[in-house]
Structure formats: structure tokens, C-alpha cells
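What follows is the content of input.txt, which has compact mmCIF, C-alpha atoms:
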```txt
# COMPACT_ATOMS: atom_id res chain seq x y z
CA MET K 1 -23.28 17.79 23.73
CA THR K 2 -26.79 18.74 22.64
CA ASN K 3 -28.35 17.40 19.48
CA ALA K 4 -28.16 20.87 17.95
CA GLU K 5 -24.44 20.95 18.62
CA LYS K 6 -24.00 17.47 17.13
CA ILE K 7 -25.87 18.52 14.00
CA ALA K 8 -23.67 21.61 13.70
CA LEU K 9 -20.64 19.32 13.96
CA LEU K 10 -21.97 17.12 11.16
CA GLU K 11 -22.63 20.15 8.97
CA GLU K 12 -19.08 21.36 9.60
CA THR K 13 -17.54 17.95 8.92
CA TRP K 14 -19.45 17.52 5.67
CA GLU K 15 -18.96 21.16 4.64
CA LEU K 16 -22.68 21.91 4.56
CA ASP K 17 -24.31 25.28 5.17
CA GLU K 18 -25.61 25.85 8.67
CA GLY K 19 -29.22 24.73 8.92
CA THR K 20 -28.99 22.17 6.08
CA LEU K 21 -29.58 19.23 8.41
CA ASN K 22 -32.19 18.44 11.02
CA GLU K 23 -32.96 15.24 12.96
CA GLU K 24 -35.45 13.99 10.37
CA THR K 25 -33.19 14.53 7.35
CA VAL K 26 -32.96 11.32 5.35
CA LEU K 27 -29.28 10.66 4.64
CA VAL K 28 -29.74 9.22 1.18
CA ASP K 29 -31.25 12.60 0.16
CA VAL K 30 -28.06 14.44 1.17
CA GLU K 31 -25.88 14.64 -1.95
CA GLU K 32 -22.72 15.20 0.09
CA TYR K 33 -23.29 11.98 2.08
CA ASP K 34 -20.90 9.99 -0.10
CA SER K 35 -18.16 7.47 0.69
CA MET K 36 -15.79 10.23 1.78
CA ALA K 37 -18.42 11.68 4.12
CA LYS K 38 -18.85 8.27 5.72
CA LEU K 39 -15.09 8.03 6.38
CA SER K 40 -15.19 11.50 7.95
CA LEU K 41 -18.08 10.30 10.11
CA ILE K 42 -16.02 7.33 11.33
CA VAL K 43 -13.21 9.70 12.32
CA LEU K 44 -15.63 12.14 13.95
CA CYS K 45 -17.26 9.44 16.08
CA ASP K 46 -13.82 8.26 17.18
CA ASP K 47 -12.29 11.68 17.92
CA GLU K 48 -15.29 13.44 19.49
CA PHE K 49 -17.30 10.60 21.00
CA GLY K 50 -14.80 7.76 21.46
CA LYS K 51 -17.11 5.45 19.52
CA LYS K 52 -15.98 2.89 16.90
CA LEU K 53 -18.22 3.01 13.87
CA ASP K 54 -18.17 0.01 11.51
CA GLY K 55 -19.49 -0.47 7.98
CA ASP K 56 -22.59 -2.45 8.99
CA THR K 57 -23.67 0.19 11.49
CA ILE K 58 -23.23 2.96 8.92
CA LYS K 59 -25.34 1.04 6.43
CA GLY K 60 -28.10 1.00 9.06
CA PHE K 61 -28.22 4.80 9.39
CA VAL K 62 -31.34 6.14 7.64
CA THR K 63 -31.79 9.58 9.20
CA VAL K 64 -29.54 12.12 10.92
CA LYS K 65 -31.24 11.11 14.18
CA ASP K 66 -29.84 7.59 13.82
CA ILE K 67 -26.34 9.09 13.82
CA LEU K 68 -27.12 11.34 16.81
CA ASP K 69 -28.41 8.33 18.76
CA PHE K 70 -25.22 6.40 17.97
CA MET K 71 -23.06 9.30 19.14
CA GLY K 72 -24.69 8.98 22.56
CA MET O 73 1.22 -11.43 19.27
CA ALA O 74 3.73 -13.62 17.40
CA TRP O 75 7.26 -12.40 16.60
CA PHE O 76 9.77 -13.22 13.90
CA LYS O 77 13.36 -12.59 14.94
CA THR O 78 16.52 -12.79 12.91
CA SER O 79 20.09 -11.69 13.31
CA GLY O 80 22.79 -10.53 10.95
CA VAL O 81 20.84 -9.76 7.79
CA SER O 82 20.70 -6.09 6.90
CA ILE O 83 19.58 -3.88 4.04
CA LYS O 84 22.49 -2.69 1.92
CA GLY O 85 20.77 -1.09 -1.07
CA MET O 86 17.48 0.14 -2.43
CA ALA O 87 16.16 1.38 -5.78
CA ALA O 88 12.75 2.02 -7.34
CA ALA O 89 11.44 2.47 -10.88
CA VAL O 90 8.13 3.81 -12.16
CA PRO O 91 6.69 3.75 -15.68
CA ALA O 92 7.38 6.79 -17.81
CA GLN O 93 3.65 7.05 -18.64
CA LYS O 94 2.03 9.57 -16.30
CA LEU O 95 -1.64 10.02 -15.50
CA ASP O 96 -2.61 13.41 -14.10
CA ALA O 97 -5.88 14.15 -12.33
CA ALA O 98 -6.34 16.96 -14.83
CA MET O 99 -6.53 14.36 -17.61
CA LEU O 100 -9.66 12.91 -16.03
CA THR O 101 -11.75 15.98 -16.92
CA GLU O 102 -12.86 14.16 -20.05
CA ARG O 103 -14.68 11.66 -17.89
CA PHE O 104 -15.48 13.46 -14.65
CA ASP O 105 -16.46 17.00 -13.69
CA GLU O 106 -13.94 19.26 -11.96
CA ASN O 107 -15.76 19.09 -8.64
CA THR O 108 -15.49 15.29 -8.52
CA ILE O 109 -11.81 15.40 -9.41
CA GLU O 110 -11.05 18.10 -6.87
CA LYS O 111 -12.82 16.08 -4.19
CA PHE O 112 -10.88 12.97 -5.17
CA ILE O 113 -7.53 14.77 -4.90
CA ARG O 114 -8.50 16.27 -1.57
CA SER O 115 -9.72 13.05 0.00
CA THR O 116 -6.95 10.75 -1.24
CA GLY O 117 -4.06 13.19 -1.63
CA ILE O 118 -3.31 11.71 -5.07
CA ALA O 119 -2.78 14.24 -7.87
CA SER O 120 -1.07 11.96 -10.38
CA CYS O 121 0.30 8.46 -10.75
CA ARG O 122 2.26 6.32 -13.20
CA GLN O 123 0.81 3.54 -15.28
CA THR O 124 2.55 0.85 -17.29
CA ARG O 125 2.05 0.74 -21.02
CA GLU O 126 0.82 -2.34 -22.82
CA GLY O 127 3.62 -4.92 -22.76
CA GLN O 128 5.25 -3.56 -19.62
CA THR O 129 4.85 -5.64 -16.48
CA ALA O 130 5.52 -5.37 -12.75
CA SER O 131 8.63 -7.53 -13.16
CA ASP O 132 9.95 -5.12 -15.81
CA LEU O 133 9.76 -2.29 -13.29
CA GLY O 134 11.42 -4.41 -10.59
CA PHE O 135 14.08 -5.54 -13.07
CA ALA O 136 14.93 -1.95 -14.00
CA ALA O 137 15.30 -1.04 -10.33
CA ALA O 138 17.42 -4.13 -9.60
CA VAL O 139 19.84 -3.53 -12.47
CA ARG O 140 20.44 0.09 -11.42
CA MET O 141 21.01 -0.92 -7.82
CA LEU O 142 23.33 -3.85 -8.54
CA ASP O 143 25.37 -1.83 -11.04
CA ALA O 144 25.59 1.21 -8.75
CA GLN O 145 27.12 -0.90 -6.01
CA GLY O 146 29.16 -3.15 -8.29
CA ILE O 147 27.61 -6.28 -6.80
CA ASP O 148 28.99 -9.64 -7.94
CA ARG O 149 25.79 -11.37 -9.00
CA SER O 150 27.30 -14.82 -8.39
CA GLU O 151 27.11 -14.02 -4.68
CA ILE O 152 23.31 -13.62 -4.66
CA GLY O 153 21.77 -16.69 -3.02
CA VAL O 154 18.09 -15.71 -2.69
CA LEU O 155 15.73 -13.94 -5.06
CA ILE O 156 12.18 -13.17 -3.95
CA PHE O 157 9.67 -11.43 -6.22
CA VAL O 158 6.76 -9.88 -4.36
CA SER O 159 3.71 -9.12 -6.51
CA THR O 160 0.06 -9.85 -7.18
CA SER O 161 0.74 -8.98 -10.85
CA PRO O 162 2.97 -11.87 -12.00
CA ASP O 163 4.10 -12.25 -15.61
CA TYR O 164 2.38 -15.65 -15.83
CA ARG O 165 0.05 -17.85 -13.79
CA LYS O 166 3.07 -20.14 -13.80
CA PRO O 167 6.07 -20.41 -13.60
CA ALA O 168 7.14 -18.08 -10.80
CA THR O 169 8.21 -14.72 -12.20
CA ALA O 170 11.28 -14.89 -9.95
CA CYS O 171 12.66 -17.63 -12.22
CA VAL O 172 12.35 -15.37 -15.25
CA LEU O 173 14.00 -12.52 -13.34
CA GLN O 174 16.84 -14.86 -12.33
CA MET O 175 17.56 -15.47 -16.02
CA ARG O 176 17.26 -11.81 -16.98
CA LEU O 177 19.56 -10.72 -14.16
CA GLY O 178 22.12 -13.45 -14.80
CA LEU O 179 21.86 -14.86 -11.29
CA PRO O 180 23.45 -18.25 -10.56
CA MET O 181 21.52 -21.54 -10.50
CA ASP O 182 22.46 -21.74 -6.83
CA CYS O 183 20.16 -18.79 -6.22
CA ALA O 184 16.83 -19.89 -4.68
CA CYS O 185 13.98 -18.15 -6.50
CA MET O 186 10.37 -17.70 -5.39
CA ASP O 187 7.35 -15.43 -5.72
CA ILE O 188 5.32 -14.13 -2.79
CA ASN O 189 1.72 -13.33 -3.75
CA HIS O 190 1.09 -10.40 -1.43
CA GLY O 191 0.07 -6.83 -2.10
CA CYS O 192 0.24 -3.97 0.36
CA ALA O 193 1.73 -6.12 3.14
CA GLY O 194 4.19 -7.60 0.63
CA PHE O 195 7.27 -5.67 1.67
CA LEU O 196 6.87 -6.93 5.25
CA TYR O 197 6.31 -10.53 4.17
CA GLY O 198 9.16 -10.32 1.65
CA HIS O 199 11.50 -8.63 4.12
CA GLN O 200 10.99 -11.20 6.87
CA THR O 201 11.17 -14.16 4.48
CA MET O 202 14.38 -12.80 3.00
CA GLN O 203 15.99 -12.28 6.41
CA ALA O 204 15.03 -15.78 7.55
CA LEU O 205 16.25 -17.45 4.34
CA LEU O 206 19.49 -15.51 4.09
CA GLN O 207 20.34 -16.03 7.75
CA GLY O 208 20.29 -19.79 7.14
CA SER O 209 22.20 -19.52 3.87
CA ASP O 210 25.92 -19.59 3.13
CA ARG O 211 25.52 -16.98 0.37
CA ARG O 212 26.36 -13.34 0.91
CA PHE O 213 23.46 -11.46 -0.72
CA GLY O 214 19.71 -11.68 -1.15
CA LEU O 215 17.64 -9.70 -3.63
CA LEU O 216 14.05 -8.69 -2.88
CA ILE O 217 12.25 -7.38 -5.95
CA LEU O 218 8.77 -5.92 -5.68
CA GLY O 219 6.39 -4.84 -8.44
CA GLU O 220 2.75 -4.08 -9.02
CA THR O 221 0.59 -3.09 -11.99
CA THR O 222 -2.81 -2.50 -10.38
CA SER O 223 -3.68 -0.16 -13.27
CA LYS O 224 -4.22 -3.25 -15.40
CA VAL O 225 -7.12 -4.47 -13.18
CA ILE O 226 -8.79 -1.16 -12.49
CA ASP O 227 -12.03 0.00 -14.08
CA LYS O 228 -10.88 3.15 -15.91
CA ALA O 229 -14.43 4.50 -15.81
CA GLU O 230 -14.42 4.54 -12.02
CA ARG O 231 -13.64 7.72 -10.14
CA ASN O 232 -10.89 6.01 -8.13
CA SER O 233 -9.13 4.68 -11.23
CA MET O 234 -6.24 6.98 -10.40
CA MET O 235 -5.88 5.75 -6.87
CA PHE O 236 -3.51 2.96 -7.80
CA GLY O 237 -0.19 3.57 -9.49
CA ASP O 238 2.31 1.10 -10.95
CA ALA O 239 5.86 0.78 -9.65
CA GLY O 240 8.75 -1.59 -8.99
CA ALA O 241 11.59 -1.71 -6.48
CA ALA O 242 14.63 -3.72 -5.51
CA VAL O 243 16.16 -4.16 -2.06
CA LEU O 244 19.58 -5.70 -1.45
CA TYR O 245 20.19 -7.71 1.72
CA GLU O 246 23.61 -8.75 3.01
CA ARG O 247 24.45 -11.44 5.54
CA GLY O 248 26.95 -10.45 8.18
CA GLY O 249 27.19 -8.53 11.43
CA ASP O 250 24.62 -8.86 14.15
CA GLU O 251 21.84 -6.42 13.35
CA PRO O 252 18.65 -7.84 14.85
CA GLY O 253 15.52 -8.17 12.75
CA VAL O 254 12.18 -7.96 14.54
CA THR O 255 9.04 -8.35 12.47
CA VAL O 256 5.35 -8.95 13.07
CA LEU O 257 3.29 -10.53 10.28
CA LYS O 258 -0.45 -10.91 10.53
CA ALA O 259 -3.40 -11.97 8.40
CA ASP O 260 -7.19 -12.12 8.62
CA GLY O 261 -8.72 -14.19 5.86
CA ARG O 262 -12.24 -13.58 7.18
CA ARG O 263 -12.06 -10.29 5.32
CA TYR O 264 -10.55 -11.68 2.12
CA ARG O 265 -13.44 -10.32 0.05
CA SER O 266 -12.71 -6.70 1.03
CA LEU O 267 -9.97 -6.38 -1.59
CA ILE O 268 -10.17 -8.89 -4.39
CA VAL O 269 -10.08 -9.64 -8.11
CA PRO O 270 -12.81 -12.30 -8.04
CA ALA O 271 -12.43 -13.98 -11.44
CA GLY O 272 -9.59 -15.25 -13.59
CA GLY O 273 -8.08 -17.44 -10.91
CA PHE O 274 -8.92 -21.10 -10.59
CA ARG O 275 -11.87 -20.57 -8.23
CA ASP O 276 -13.86 -18.85 -10.98
CA MET O 277 -11.85 -18.98 -14.22
CA ARG O 278 -14.53 -18.00 -16.73
CA PRO O 279 -17.64 -16.95 -14.79
CA ALA O 280 -21.04 -17.26 -16.48
CA GLU O 281 -22.03 -13.95 -14.90
CA GLU O 282 -19.19 -11.44 -15.35
CA TYR O 283 -20.58 -8.94 -12.85
CA PHE O 284 -21.50 -9.23 -9.18
CA VAL O 285 -23.68 -6.79 -7.25
CA THR O 286 -22.91 -5.38 -3.79
CA ASP O 287 -25.43 -4.38 -1.08
CA ASP O 288 -25.55 -0.80 -2.36
CA GLY O 289 -26.76 -2.01 -5.75
CA GLU O 290 -23.46 -1.27 -7.50
CA ARG O 291 -22.26 -3.64 -10.24
CA HIS O 292 -18.63 -4.73 -10.28
CA TRP O 293 -16.81 -6.50 -13.08
CA LYS O 294 -15.29 -9.67 -11.67
CA TYR O 295 -11.98 -9.26 -13.50
CA ASN O 296 -11.29 -5.91 -11.87
CA LEU O 297 -10.10 -5.06 -8.38
CA PHE O 298 -12.98 -4.68 -5.95
CA MET O 299 -12.35 -2.72 -2.75
CA ASP O 300 -14.63 -2.22 0.26
CA GLY O 301 -13.26 1.20 1.12
CA MET O 302 -14.89 1.52 4.50
CA GLU O 303 -13.79 -1.94 5.65
CA ILE O 304 -10.19 -1.17 4.64
CA PHE O 305 -10.32 2.25 6.28
CA ASN O 306 -11.55 0.78 9.56
CA PHE O 307 -9.01 -2.04 9.34
CA SER O 308 -6.15 0.44 8.86
CA LEU O 309 -7.18 2.53 11.84
CA SER O 310 -7.92 -0.35 14.22
CA ASP O 311 -6.05 -3.62 13.56
CA VAL O 312 -3.04 -1.98 11.95
CA LEU O 313 -2.85 0.84 14.48
CA ASP O 314 -3.12 -1.64 17.38
CA THR O 315 -0.34 -3.81 15.91
CA ILE O 316 2.02 -0.85 15.43
CA ARG O 317 1.36 0.27 18.99
CA ALA O 318 2.02 -3.25 20.29
CA TYR O 319 5.24 -3.41 18.24
CA LEU O 320 6.47 -0.18 19.81
CA ALA O 321 5.49 -1.30 23.30
CA GLU O 322 7.16 -4.72 23.00
CA THR O 323 10.37 -3.35 21.50
CA GLY O 324 10.43 -0.57 24.06
CA THR O 325 10.64 2.05 21.32
CA GLY O 326 8.73 5.20 20.55
CA ALA O 327 8.48 7.95 17.97
CA GLY O 328 11.75 9.43 19.15
CA ASP O 329 13.71 6.25 18.44
CA TYR O 330 13.04 6.29 14.71
CA ASP O 331 14.22 8.69 12.04
CA LEU O 332 11.34 7.89 9.76
CA PHE O 333 8.09 5.96 9.57
CA ALA O 334 7.77 4.35 6.13
CA CYS O 335 4.02 3.89 6.00
CA HIS O 336 2.28 2.04 3.19
CA GLN O 337 1.01 4.78 0.89
CA ALA O 338 -2.68 3.84 0.92
CA ASN O 339 -4.27 7.26 1.01
CA ASN O 340 -3.52 10.54 2.71
CA TYR O 341 -6.40 10.34 5.13
CA ILE O 342 -5.24 6.98 6.51
CA ILE O 343 -1.62 8.14 6.78
CA GLN O 344 -2.66 11.36 8.54
CA ARG O 345 -4.83 9.44 11.01
CA LEU O 346 -2.06 6.92 11.76
CA THR O 347 0.48 9.72 12.18
CA HIS O 348 -1.84 11.54 14.57
CA LYS O 349 -2.81 8.46 16.57
CA LEU O 350 0.80 7.28 16.92
CA GLY O 351 1.91 10.72 18.04
CA LEU O 352 4.49 10.96 15.26
CA PRO O 353 5.76 14.31 14.01
CA PRO O 354 4.55 14.67 10.38
CA GLU O 355 8.06 15.39 9.12
CA LYS O 356 8.98 11.81 10.05
CA VAL O 357 6.22 10.42 7.82
CA PRO O 358 7.08 11.16 4.19
CA ILE O 359 4.45 11.03 1.44
CA CYS O 360 4.92 10.00 -2.17
CA LEU O 361 1.38 8.94 -3.04
CA ASP O 362 0.61 12.43 -4.30
CA ARG O 363 2.75 11.68 -7.36
CA PHE O 364 2.67 7.89 -7.51
CA GLY O 365 -0.67 6.79 -6.03
CA ASN O 366 -1.07 3.61 -4.03
CA THR O 367 1.67 1.30 -5.34
CA SER O 368 0.88 -1.69 -3.11
CA SER O 369 3.95 -3.50 -1.70
CA VAL O 370 6.30 -1.19 -3.59
CA SER O 371 5.16 1.87 -1.66
CA ILE O 372 7.52 1.31 1.28
CA PRO O 373 10.78 1.13 -0.72
CA LEU O 374 9.35 3.75 -3.10
CA VAL O 375 8.76 6.30 -0.35
CA LEU O 376 12.28 5.64 1.00
CA CYS O 377 13.85 6.14 -2.44
CA ASP O 378 11.73 9.26 -2.94
CA ARG O 379 12.78 10.67 0.43
CA TYR O 380 16.43 9.60 0.66
CA GLY O 381 17.56 8.85 -2.90
CA GLY O 382 19.92 11.57 -4.11
CA SER O 383 19.40 13.53 -0.88
CA GLY O 384 23.10 13.59 -0.09
CA GLU O 385 22.33 12.41 3.43
CA THR O 386 24.61 9.77 4.93
CA GLY O 387 24.77 7.82 8.15
CA MET O 388 22.48 5.12 9.41
CA ARG O 389 18.80 5.90 9.67
CA ARG O 390 16.44 3.83 11.81
CA ILE O 391 13.22 3.11 9.95
CA LEU O 392 9.87 1.90 11.26
CA ALA O 393 7.81 0.35 8.45
CA SER O 394 4.25 -0.93 8.17
CA GLY O 395 2.34 -2.30 5.21
CA PHE O 396 -1.32 -3.36 5.25
CA GLY O 397 -4.05 -4.32 2.83
CA ILE O 398 -5.13 -7.10 0.56
CA GLY O 399 -5.54 -10.50 2.24
CA LEU O 400 -6.27 -8.96 4.56
CA ALA O 401 -2.66 -8.99 5.67
CA TRP O 402 -0.40 -6.59 7.50
CA GLY O 403 2.94 -6.33 9.21
CA VAL O 404 5.36 -4.11 11.09
CA THR O 405 9.14 -4.11 11.11
CA SER O 406 12.11 -1.86 11.70
CA PHE O 407 15.57 -1.72 10.18
CA PHE O 408 18.62 0.46 9.65
CA VAL O 409 19.60 1.82 6.27
CA ASP O 410 22.17 4.31 4.99
CA PRO O 411 20.60 6.92 2.64
CA ALA O 412 23.84 6.89 0.65
CA ARG O 413 22.91 3.39 -0.51
CA ILE O 414 19.43 4.41 -1.64
CA LEU O 415 18.98 5.51 -5.25
CA PRO O 416 16.44 8.13 -6.36
CA VAL O 417 13.29 6.94 -8.11
CA SER O 418 13.89 6.36 -11.84
CA GLU O 419 11.61 6.04 -14.85
CA THR O 420 11.49 3.28 -17.40
CA ASP O 421 9.59 2.57 -20.57
CA GLU O 422 11.22 -0.86 -21.01
CA GLY O 423 9.30 -4.10 -21.33
CA TYR O 424 10.58 -7.65 -21.85
CA ASP O 425 8.91 -8.40 -25.15
CA GLU O 426 10.67 -11.78 -25.49
CA GLY O 427 8.52 -12.92 -22.57
CA VAL O 428 5.48 -13.11 -24.85
CA ILE O 429 5.24 -16.70 -26.14
CA ARG O 430 4.35 -16.64 -29.82
```
Can I see the file as C-alpha cells?
Amino acid sequence: MTNAEKIALLEETWELDEGTLNEETVLVDVEEYDSMAKLSLIVLCDDEFGKKLDGDTIKGFVTVKDILDFMG
Amino acid sequence: MAWFKTSGVSIKGMAAAVPAQKLDAAMLTERFDENTIEKFIRSTGIASCRQTREGQTASDLGFAAAVRMLDAQGIDRSEIGVLIFVSTSPDYRKPATACVLQMRLGLPMDCACMDINHGCAGFLYGHQTMQALLQGSDRRFGLLILGETTSKVIDKAERNSMMFGDAGAAVLYERGGDEPGVTVLKADGRRYRSLIVPAGGFRDMRPAEEYFVTDDGERHWKYNLFMDGMEIFNFSLSDVLDTIRAYLAETGTGAGDYDLFACHQANNYIIQRLTHKLGLPPEKVPICLDRFGNTSSVSIPLVLCDRYGGSGETGMRRILASGFGIGLAWGVTSFFVDPARILPVSETDEGYDEGVIR
């Protein structure tokens, strides 16, 4: 999956308009990136990428790129 | 994995009671905007819950359920040899609330009484303990009463103040026959801080600082329930899921062998994920948290009473049950029950006022 496709998947999961996110987007600036969004991210990483995402790793995510790198 | 096995102790009755006082999501509009409320309902699946009034305790709810159940079946209370009260909301620090319930229910002095201080895994711990005790007893019946009043330790200003509802239940066990009991009980104290009321116990009775601060900079009052949502979410979908899968594998059973999966009613998202991952058809996983919230250990008997009570269905149903949460602790078990012996959920506004020492 390309990074563009991964970003589109994040936008869809978090119910954001297409084009809201890019690799440099700082997560703390995204209003919708709340506790519920983080749970959805855990599920997304498991379902789509087979990756287990824990609380400490999530806390370490600063930008969208950090998430994309984790997805692999 | 470690296994608890019993024989000849089966469930012969079930009842549940909730407080008459109802809290609707709509009532929260005074404190939160509609968007926040709508998001809460969508993410948790909880639209309303019940909360005890001042002077009404978890044991009052359990008592109400027990009386209805015992009366409905015409049980001779002198034949009850074990009473277990499962709750993290006892009437007193001491004595055990089970002793007070014994008096209120008119149970004999030959009835062994004890409390089990467990929350969401409480039905599993209570169930196994009851089966083990009753199997070694010469009495006919055992009474498992469960109750929780989490509303009393929740910060009402917090968005998730509606997540937890109050409820009580009673389950009747009878010794006889050869029905096997197979239960797994687990715990992981390394994560004890993920769900905790930090102060008021003997570790920190009257803290100098009444608030503690988490990594995200949020302040939490030490006398209220603190929950690390992400930790619990991950726990539910890894440890708990793995244990349920191992239970099915070891017992040689699958989704098709059970009529219903009574899952602890934590939140809709967790239940949906477990249902999906276990390959269960959704119609076998009933939900009652939309109207009652997360009722801790009571949620398993509550969802069974909600689903089967007054349904008119008869004939043995095979139930798979799993509870998980505070401790952290969790468990899995299975049992047979006849819906005809399960009462519908009732309401009560009663409280044992004489219990207040003046």
C-alpha cells in the first residue's frame, strides 16, 4: 500500500475530508485525533496491517508519517 | 493455562435488578455539546444507564434480585449453604456485606458467607468459587449475589460519566447431577493501575494531594475511578481474546456449540471486535449496555436476564461467558441454563436505611 493510500485510509477511519492529512501533519493539531480515534487506529493497524499497536507506541506518534512508518 | 473443574453444581435460577433512577444521554446536554454526546453514544453504544440514589447500595440491588428469584421458585432458604457477594462497592469496609445480606435474607447460620472483591471478572470468580464450595458441601443450594454502584465513584463532570451503570443480580446454584464445570480464571497485577480508585483504601487513606496527574497532563481525583482506556481496550482484544480462543480449543468447542455468548458489557466496540474475531454470529451475542451501561460483574447475569427473562423460551441453553477488567482480572466459563428459570430485569428504588449506623 502506498503512503497516499494509507493516508486515505486514515482519513476514512477518522471521518476526515479527503486531503485533510499529509505526512507532515502534526497529530496533536488534528481535533479529531481523540481517544476514540486512537482506538480506531489500533483496530486499523490490526485488521489492515496485522500489527499490534500498544499505548506506549501511540504516545510516541507525533506526525502522520510516524503512523505510516509503523504500518510498514 | 490452568483449569478449574467441578462436577454436579448447576445454575437453577437468575434475576437482576436495576435502580429506578435513569440517566439518559440527552440529559447530559446541560454539560456537554450535542456533538460530544453523539460521539460518546456512537463509540460506546451506551444511550442511557441506571444510577442508584443516595442511600441505595449495590447490596440493595442484589438483595432485590435475590428475593424475587427465591420467591419465584419457592426456595426453602434453610437449604442455602453458601452465600457469596461479588462487588467492589461493599456496604462497609468491614464486615463483609454477605453477612448483612445473610441476615436480611433470613439465611441460616450454617450458611457460609463471604465477599469477593472483583469487578468485571467478578461473575467468573464468583461462579467458580461457588461451584467449588458447593461441590464440597452437604447443603443443596448456593446463592451468588452480585452488585455494583460505579456511579458513586465517577466524576460526573467527565464525558464518560455515563459509561458505568449500577445494577445487581442473583444466581441460584444447586448441587446434584453431574454437569461438569470448566472455568479459567486469570489475573495480571502488573496492570493494576489501569483501572483503580487510588485513595480511600488503607494504602492511601487520606492523601495530602487529592489529585494525581497522568502523562497527558490530565488531573484525576484520587477518590474516583481512573481508567486507562487504551490499556483496557488492548487487554480486551489480546489477553482476553487469546484466553477465550484457548478455552474453545481445549474444550473442543466452537461457536456452533453455544446458544449464546454472554460477554461482559464493557463497550460496544470491544464486544463487536470480540464477536468478529471469534467468528460468532452477532445474534448469539446479546447487548444490554445500550440501556444499562457497563455494570461490572453484574453485566453477565444482567444480559442473560435481559435476553431470556420473560422470553417464554424453555429448554436448556448452553452459554459461553467471559468477564474481564479491573485487577486486571479475567475469566471464561460455560454452563447450561433454562430460560424459564431466568426472570426479566426489574427495577427497585429500595434501600436498607437501617444499615446506616447512627
Q) Could you write out as a count of residues only the residues of chain O within 10 Å of chain K, counting all atoms listed in the file? A) 19
Contacts of O:Ala136 at 9 Å (all atoms listed in the file; same-chain gap of 2+ positions) as a PDB file with C-alpha atoms, keeping the file's coordinate frame:
```pdb
ATOM      1  CA  ALA O  87      16.160   1.380  -5.780  1.00  0.00           C
ATOM      2  CA  ALA O  88      12.750   2.020  -7.340  1.00  0.00           C
ATOM      3  CA  ALA O  89      11.440   2.470 -10.880  1.00  0.00           C
ATOM      4  CA  SER O 131       8.630  -7.530 -13.160  1.00  0.00           C
ATOM      5  CA  ASP O 132       9.950  -5.120 -15.810  1.00  0.00           C
ATOM      6  CA  LEU O 133       9.760  -2.290 -13.290  1.00  0.00           C
ATOM      7  CA  GLY O 134      11.420  -4.410 -10.590  1.00  0.00           C
ATOM      8  CA  ALA O 138      17.420  -4.130  -9.600  1.00  0.00           C
ATOM      9  CA  VAL O 139      19.840  -3.530 -12.470  1.00  0.00           C
ATOM     10  CA  ARG O 140      20.440   0.090 -11.420  1.00  0.00           C
ATOM     11  CA  MET O 141      21.010  -0.920  -7.820  1.00  0.00           C
ATOM     12  CA  GLY O 240       8.750  -1.590  -8.990  1.00  0.00           C
ATOM     13  CA  ALA O 241      11.590  -1.710  -6.480  1.00  0.00           C
ATOM     14  CA  ALA O 242      14.630  -3.720  -5.510  1.00  0.00           C
ATOM     15  CA  SER O 418      13.890   6.360 -11.840  1.00  0.00           C
ATOM     16  CA  GLU O 419      11.610   6.040 -14.850  1.00  0.00           C
ATOM     17  CA  THR O 420      11.490   3.280 -17.400  1.00  0.00           C
ATOM     18  CA  GLU O 422      11.220  -0.860 -21.010  1.00  0.00           C
TER      19      GLU O 422
END
```
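One finds atom CA of O:Gly397 at 11.3 Å from atom CA of O:Gly261.
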(Q) I'd like the neighbourhood of O:Lys94 as a PyMOL selection string, where a residue qualifies if any of its atoms comes within 12 Å (using all atoms listed in the file), though same-chain residues fewer than 6 positions away should be ignored. (A) chain O and resi 119-125+223+234+237-239+363-365+419-421
Q) Could you state the separation of atom CA of O:Phe213 and atom CA of O:Gly249 in Å, given to one decimal place? A)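 Between atom CA of O:Phe213 and atom CA of O:Gly249 the gap is 13.0 Å.
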Q) Quick one: residues within 8 Å of O:Gly127, all atoms listed in the file counted, chain neighbours fewer than 3 positions away excluded, as JSON, numbers by chain? A) {"O": [423, 424, 425]}
Those residues you just picked out, can you put them in a file as a CSV table (one decimal), in the coordinates of the input with C-alpha atoms?
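Generated file (out-v6.csv):
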```csv
chain,number,residue,atom,x,y,z
O,423,GLY,CA,9.3,-4.1,-21.3
O,424,TYR,CA,10.6,-7.6,-21.8
O,425,ASP,CA,8.9,-8.4,-25.2
```
Q.
Between atom CA of O:Val225 and atom CA of O:Cys192, what distance in Å does the model show, to one decimal?
A.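 A separation of 15.4 Å between them.
Within the 6 Å cut-off around O:Ala130, using only C-alpha atoms and omitting residues fewer than 6 positions from it on the same chain, the listed residues are O:Gly219, O:Glu220, O:Thr221.
Of the residues under consideration (O:Met299, O:Ala144, O:Leu196, O:Leu244), O:Met299 shows the shortest atom-to-atom contact distance to O:Pro270 when counting all atoms listed in the file.
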**Q.** Residues near O:Gly198, cut-off 8 Å, only C-alpha atoms, skip fewer than 4 positions along chain, as a list in words
**A.**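 What passes the distance filter is Ile156, Phe157, Val158, Ile188, Gly194, Met202 and Leu216 of chain O.
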Put the listed atoms of stretch 27-39 of chain K in a box along x, y and z with 5 Å added on every side and give me the centre and edge lengths in Å to one decimal, as lines of an AutoDock Vina configuration file.
```
center_x = -23.2
center_y = 11.3
center_z = 2.2
size_x = 26.2
size_y = 17.7
size_z = 18.3
```
(Q) Here is a test: counting all atoms listed in the file, which residue of K:Ala4, K:Val62, K:Leu9, K:Cys45 is nearest to K:Leu27? (A)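 Selected residue with least distance to K:Leu27: K:Val62.
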Q: Find the residue from O:Asp311, O:Asp331, O:Asp210, O:Glu385 that sits nearest to O:Val404; use all atoms listed in the file when measuring.
A: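 Result for the nearest residue to O:Val404: O:Asp311.
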Q: In the coordinate frame of the file, compute which residues have an atom within 10 Å of (-3.1, -8.6, -14.3) when using all atoms listed in the file, and state them as a ChimeraX atom specification.
A: /O:129-130,160-165,220-226,269,272,295-297
